[in-house]
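For reference, data28.pdb is printed below; it contains PDB, C-alpha atoms.
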MODEL        1
ATOM      1  CA  MET A   4       0.000   0.000   0.000
ATOM      2  CA  ASN A   5       1.158   3.521  -0.706
ATOM      3  CA  ALA A   6       0.863   6.554   1.577
ATOM      4  CA  ARG A   7      -2.805   7.048   0.567
ATOM      5  CA  GLY A   8      -3.740   3.448   1.305
ATOM      6  CA  GLN A   9      -3.828   2.519  -2.393
ATOM      7  CA  PRO A  10      -2.224  -0.702  -3.646
ATOM      8  CA  ASP A  11       1.354  -0.160  -4.836
ATOM      9  CA  PRO A  12       1.340  -0.681  -8.631
ATOM     10  CA  MET A  13       4.928  -1.929  -8.702
ATOM     11  CA  GLN A  14       4.146  -4.509  -6.009
ATOM     12  CA  ILE A  15       1.234  -5.735  -8.128
ATOM     13  CA  ALA A  16       3.544  -5.889 -11.161
ATOM     14  CA  PHE A  17       5.947  -8.031  -9.089
ATOM     15  CA  ASP A  18       3.055 -10.293  -8.076
ATOM     16  CA  GLU A  19       2.194 -10.716 -11.766
ATOM     17  CA  ALA A  20       5.848 -11.412 -12.600
ATOM     18  CA  ARG A  21       6.079 -14.107  -9.938
ATOM     19  CA  ALA A  22       2.852 -15.711 -11.183
ATOM     20  CA  ALA A  23       4.222 -15.687 -14.744
ATOM     21  CA  GLY A  24       7.427 -17.347 -13.552
ATOM     22  CA  ALA A  25       5.421 -20.019 -11.733
ATOM     23  CA  ARG A  26       3.680 -20.778 -15.057
ATOM     24  CA  GLY A  27       7.069 -21.183 -16.777
ATOM     25  CA  GLU A  28       6.956 -17.762 -18.426
ATOM     26  CA  VAL A  29       9.772 -15.227 -18.185
ATOM     27  CA  PRO A  30       8.826 -13.423 -14.951
ATOM     28  CA  VAL A  31       7.787  -9.962 -16.097
ATOM     29  CA  GLY A  32       4.700  -8.177 -14.796
ATOM     30  CA  ALA A  33       2.970  -4.956 -15.800
ATOM     31  CA  VAL A  34       0.219  -2.730 -14.442
ATOM     32  CA  VAL A  35      -1.662   0.183 -16.047
ATOM     33  CA  VAL A  36      -2.934   2.877 -13.691
ATOM     34  CA  CYS A  37      -5.109   5.873 -14.595
ATOM     35  CA  GLY A  38      -5.380   8.416 -11.823
ATOM     36  CA  GLU A  39      -5.986   6.386  -8.672
ATOM     37  CA  LYS A  40      -7.547   3.463 -10.544
ATOM     38  CA  LEU A  41      -5.683   0.287 -11.384
ATOM     39  CA  LEU A  42      -7.063  -0.580 -14.827
ATOM     40  CA  ALA A  43      -5.129  -3.654 -15.875
ATOM     41  CA  ARG A  44      -2.495  -6.092 -14.731
ATOM     42  CA  ALA A  45      -0.715  -8.883 -16.567
ATOM     43  CA  GLY A  46       2.268 -11.168 -16.605
ATOM     44  CA  ASN A  47       4.035 -12.588 -19.634
ATOM     45  CA  ARG A  48       2.020 -15.233 -21.514
ATOM     46  CA  THR A  49       4.063 -15.840 -24.674
ATOM     47  CA  ARG A  50       4.382 -19.592 -24.109
ATOM     48  CA  GLU A  51       0.914 -20.098 -22.663
ATOM     49  CA  ASP A  52      -0.738 -18.242 -25.569
ATOM     50  CA  SER A  53       1.786 -19.356 -28.236
ATOM     51  CA  ASP A  54       2.033 -15.660 -29.037
ATOM     52  CA  PRO A  55       5.379 -13.854 -29.299
ATOM     53  CA  THR A  56       3.589 -10.533 -28.696
ATOM     54  CA  ALA A  57       2.012 -11.628 -25.380
ATOM     55  CA  HIS A  58       4.454  -9.596 -23.280
ATOM     56  CA  ALA A  59       3.109  -8.312 -19.953
ATOM     57  CA  GLU A  60       3.141  -4.701 -21.181
ATOM     58  CA  ILE A  61       1.174  -5.490 -24.351
ATOM     59  CA  LEU A  62      -1.415  -7.542 -22.448
ATOM     60  CA  ALA A  63      -1.898  -4.839 -19.807
ATOM     61  CA  ILE A  64      -2.181  -2.101 -22.453
ATOM     62  CA  ARG A  65      -4.729  -4.167 -24.440
ATOM     63  CA  GLU A  66      -6.873  -4.717 -21.341
ATOM     64  CA  ALA A  67      -6.711  -1.060 -20.267
ATOM     65  CA  ALA A  68      -7.669   0.068 -23.789
ATOM     66  CA  ARG A  69     -10.593  -2.372 -23.785
ATOM     67  CA  ILE A  70     -11.801  -1.087 -20.401
ATOM     68  CA  LEU A  71     -11.498   2.563 -21.468
ATOM     69  CA  GLY A  72     -12.921   1.890 -24.927
ATOM     70  CA  SER A  73     -10.049   3.773 -26.525
ATOM     71  CA  GLU A  74      -6.715   2.983 -28.152
ATOM     72  CA  ARG A  75      -5.268   6.025 -26.383
ATOM     73  CA  LEU A  76      -4.444   5.738 -22.702
ATOM     74  CA  ILE A  77      -4.052   9.467 -22.123
ATOM     75  CA  GLY A  78      -3.106  10.212 -18.511
ATOM     76  CA  CYS A  79      -2.310   6.566 -17.742
ATOM     77  CA  ASP A  80       0.927   5.220 -16.325
ATOM     78  CA  LEU A  81       2.582   1.851 -16.886
ATOM     79  CA  HIS A  82       4.542   0.059 -14.151
ATOM     80  CA  VAL A  83       6.625  -2.902 -15.322
ATOM     81  CA  THR A  84       9.286  -5.023 -13.658
ATOM     82  CA  LEU A  85      11.721  -4.972 -16.611
ATOM     83  CA  GLU A  86      12.779  -2.332 -19.119
ATOM     84  CA  PRO A  87      10.424  -2.768 -22.095
ATOM     85  CA  CYS A  88      11.709  -4.160 -25.384
ATOM     86  CA  ALA A  89      11.382  -2.175 -28.631
ATOM     87  CA  MET A  90       8.012  -3.798 -29.465
ATOM     88  CA  CYS A  91       6.583  -2.842 -26.090
ATOM     89  CA  ALA A  92       8.112   0.642 -26.275
ATOM     90  CA  ALA A  93       6.305   1.152 -29.588
ATOM     91  CA  ALA A  94       3.003   0.024 -28.038
ATOM     92  CA  ILE A  95       3.594   2.386 -25.095
ATOM     93  CA  SER A  96       4.154   5.236 -27.543
ATOM     94  CA  PHE A  97       1.110   4.416 -29.694
ATOM     95  CA  ALA A  98      -1.058   4.135 -26.559
ATOM     96  CA  ARG A  99       0.157   7.575 -25.435
ATOM     97  CA  ILE A 100       1.117   6.314 -21.973
ATOM     98  CA  ARG A 101       1.948   9.325 -19.796
ATOM     99  CA  ARG A 102       4.650   7.792 -17.574
ATOM    100  CA  LEU A 103       6.641   4.577 -17.676
ATOM    101  CA  TYR A 104       8.093   3.180 -14.452
ATOM    102  CA  PHE A 105      10.268   0.084 -14.725
ATOM    103  CA  GLY A 106      12.369  -2.096 -12.445
ATOM    104  CA  ALA A 107      15.436  -3.784 -13.886
ATOM    105  CA  HIS A 108      17.364  -2.396 -16.823
ATOM    106  CA  ASP A 109      17.735  -4.801 -19.752
ATOM    107  CA  PRO A 110      21.054  -4.215 -21.560
ATOM    108  CA  LYS A 111      20.432  -7.169 -23.905
ATOM    109  CA  SER A 112      16.811  -6.697 -25.016
ATOM    110  CA  GLY A 113      15.724  -3.318 -23.665
ATOM    111  CA  GLY A 114      14.351  -0.769 -26.078
ATOM    112  CA  VAL A 115      14.044   2.276 -23.837
ATOM    113  CA  GLU A 116      17.430   3.036 -22.271
ATOM    114  CA  HIS A 117      19.306   0.313 -24.172
ATOM    115  CA  GLY A 118      19.242  -1.059 -27.711
ATOM    116  CA  GLY A 119      17.174   0.985 -30.116
ATOM    117  CA  ARG A 120      16.094   3.560 -27.528
ATOM    118  CA  PHE A 121      12.714   3.819 -29.196
ATOM    119  CA  PHE A 122      11.589   7.032 -27.501
ATOM    120  CA  ASP A 123      14.723   8.865 -28.665
ATOM    121  CA  GLN A 124      14.044   8.197 -32.355
ATOM    122  CA  PRO A 125      12.833  11.078 -34.550
ATOM    123  CA  THR A 126      10.029   8.823 -35.837
ATOM    124  CA  CYS A 127       8.606   8.353 -32.321
ATOM    125  CA  HIS A 128       5.332  10.282 -32.142
ATOM    126  CA  HIS A 129       4.968  10.207 -28.366
ATOM    127  CA  ALA A 130       7.522   9.613 -25.622
ATOM    128  CA  PRO A 131       6.363   9.086 -22.048
ATOM    129  CA  GLU A 132       8.230  10.316 -19.017
ATOM    130  CA  VAL A 133      10.542   7.420 -18.132
ATOM    131  CA  TYR A 134      11.657   6.423 -14.644
ATOM    132  CA  GLY A 135      13.831   3.316 -14.379
ATOM    133  CA  GLY A 136      15.446   1.368 -11.598
ATOM    134  CA  PHE A 137      12.462   0.859  -9.268
ATOM    135  CA  ARG A 138      13.289  -2.107  -7.024
ATOM    136  CA  GLU A 139      15.923  -2.932  -9.622
ATOM    137  CA  ARG A 140      17.870  -5.392  -7.492
ATOM    138  CA  GLU A 141      14.721  -7.378  -6.686
ATOM    139  CA  ALA A 142      13.603  -7.393 -10.326
ATOM    140  CA  ALA A 143      17.013  -8.515 -11.567
ATOM    141  CA  GLU A 144      17.164 -11.243  -8.914
ATOM    142  CA  LEU A 145      13.757 -12.566  -9.938
ATOM    143  CA  LEU A 146      14.958 -12.932 -13.523
ATOM    144  CA  ARG A 147      18.361 -14.386 -12.567
ATOM    145  CA  ASP A 148      16.739 -16.991 -10.314
ATOM    146  CA  PHE A 149      14.258 -17.954 -13.024
ATOM    147  CA  PHE A 150      16.951 -18.511 -15.650
ATOM    148  CA  ARG A 151      19.280 -20.237 -13.169
ATOM    149  CA  GLU A 152      16.506 -22.732 -12.350
ATOM    150  CA  ARG A 153      15.903 -23.331 -16.070
ATOM    151  CA  ARG A 154      19.607 -24.007 -16.653
ATOM    152  CA  ASP A 155      19.733 -26.370 -13.664
ATOM    153  CA  GLU A 156      16.693 -28.271 -14.984
ATOM    154  CA  THR A 157      18.186 -28.755 -18.431
ATOM    155  CA  GLY A 158      21.615 -29.665 -17.110
TER     156      GLY A 158
ENDMDL
END

The structure given in the file should be rewritten as structure tokens.
Amino acid sequence: MNARGQPDPMQIAFDEARAAGARGEVPVGAVVVCGEKLLARAGNRTREDSDPTAHAEILAIREAARILGSERLIGCDLHVTLEPCAMCAAAISFARIRRLYFGAHDPKSGGVEHGGRFFDQPTCHHAPEVYGGFREREAAELLRDFFRERRDETG
């Protein structure tokens, strides 16, 4: 809970990430908040849905857009446990997300502060305010543990 007694969006994103990991998905979680209202929450489902686009961010954005009845999420914020990839950064831009908060940086696959830096491109129509490094150590540990377990299982 935050200072106003509201659920902490990043904690909910971590809960979604842990649930995704328990299902065998890469443990990433995302939450869309508009004002004080939590609109959508999701964890990765690429394997479960056999869908390479079923990243937590995309799923949460889709659900929030459905609830609002609009492809634009003006005034909404996205909280995610890992720096979004380029695909997710594009969806964030197209949805007109106001602020992006993320946990761990992703030097290999990130598209916000690493890699293609989508929001810095001249072809980007909308760039949210970006705040990275929230509970970064915890987010990185969650991912490291997940992949370590997978390596141990496969020998």

For the file shown, report as an MDAnalysis selection string the outcome of the PyMOL selection byres ((chain A and resi 17) around 12) at residue level.
-> chainID A and resid 11:16 18:24 30:34 44:47 59 82:85 105:107 137:139 141:146

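Using the PyMOL selection byres ((chain A and resi 95) around 10) on this structure selects A:Glu60, A:Ile61, A:Ile64, A:Arg75, A:Leu76, A:Asp80, A:Leu81, A:Pro87, A:Ala89, A:Met90, A:Cys91, A:Ala92, A:Ala93, A:Ala94, A:Ser96, A:Phe97, A:Ala98, A:Arg99, A:Ile100, A:Arg101, A:Arg102, A:Leu103, A:Phe122, A:His129, A:Ala130, A:Pro131.
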
Given the file shown, determine the residues that the PyMOL selection byres ((chain A and resi 38) around 9) selects; report them as a list in words.
-> Val36, Cys37, Glu39, Lys40, Leu41, Gly78, Cys79 and Asp80 of chain A

Around all listed atoms of segment 83-94 of chain A, padded 4 Å per side, what centre and edge lengths does the axis-aligned box have in Å to one decimal, as lines of an AutoDock Vina configuration file?
center_x = 7.9
center_y = -1.9
center_z = -21.6
size_x = 17.8
size_y = 14.2
size_z = 23.9
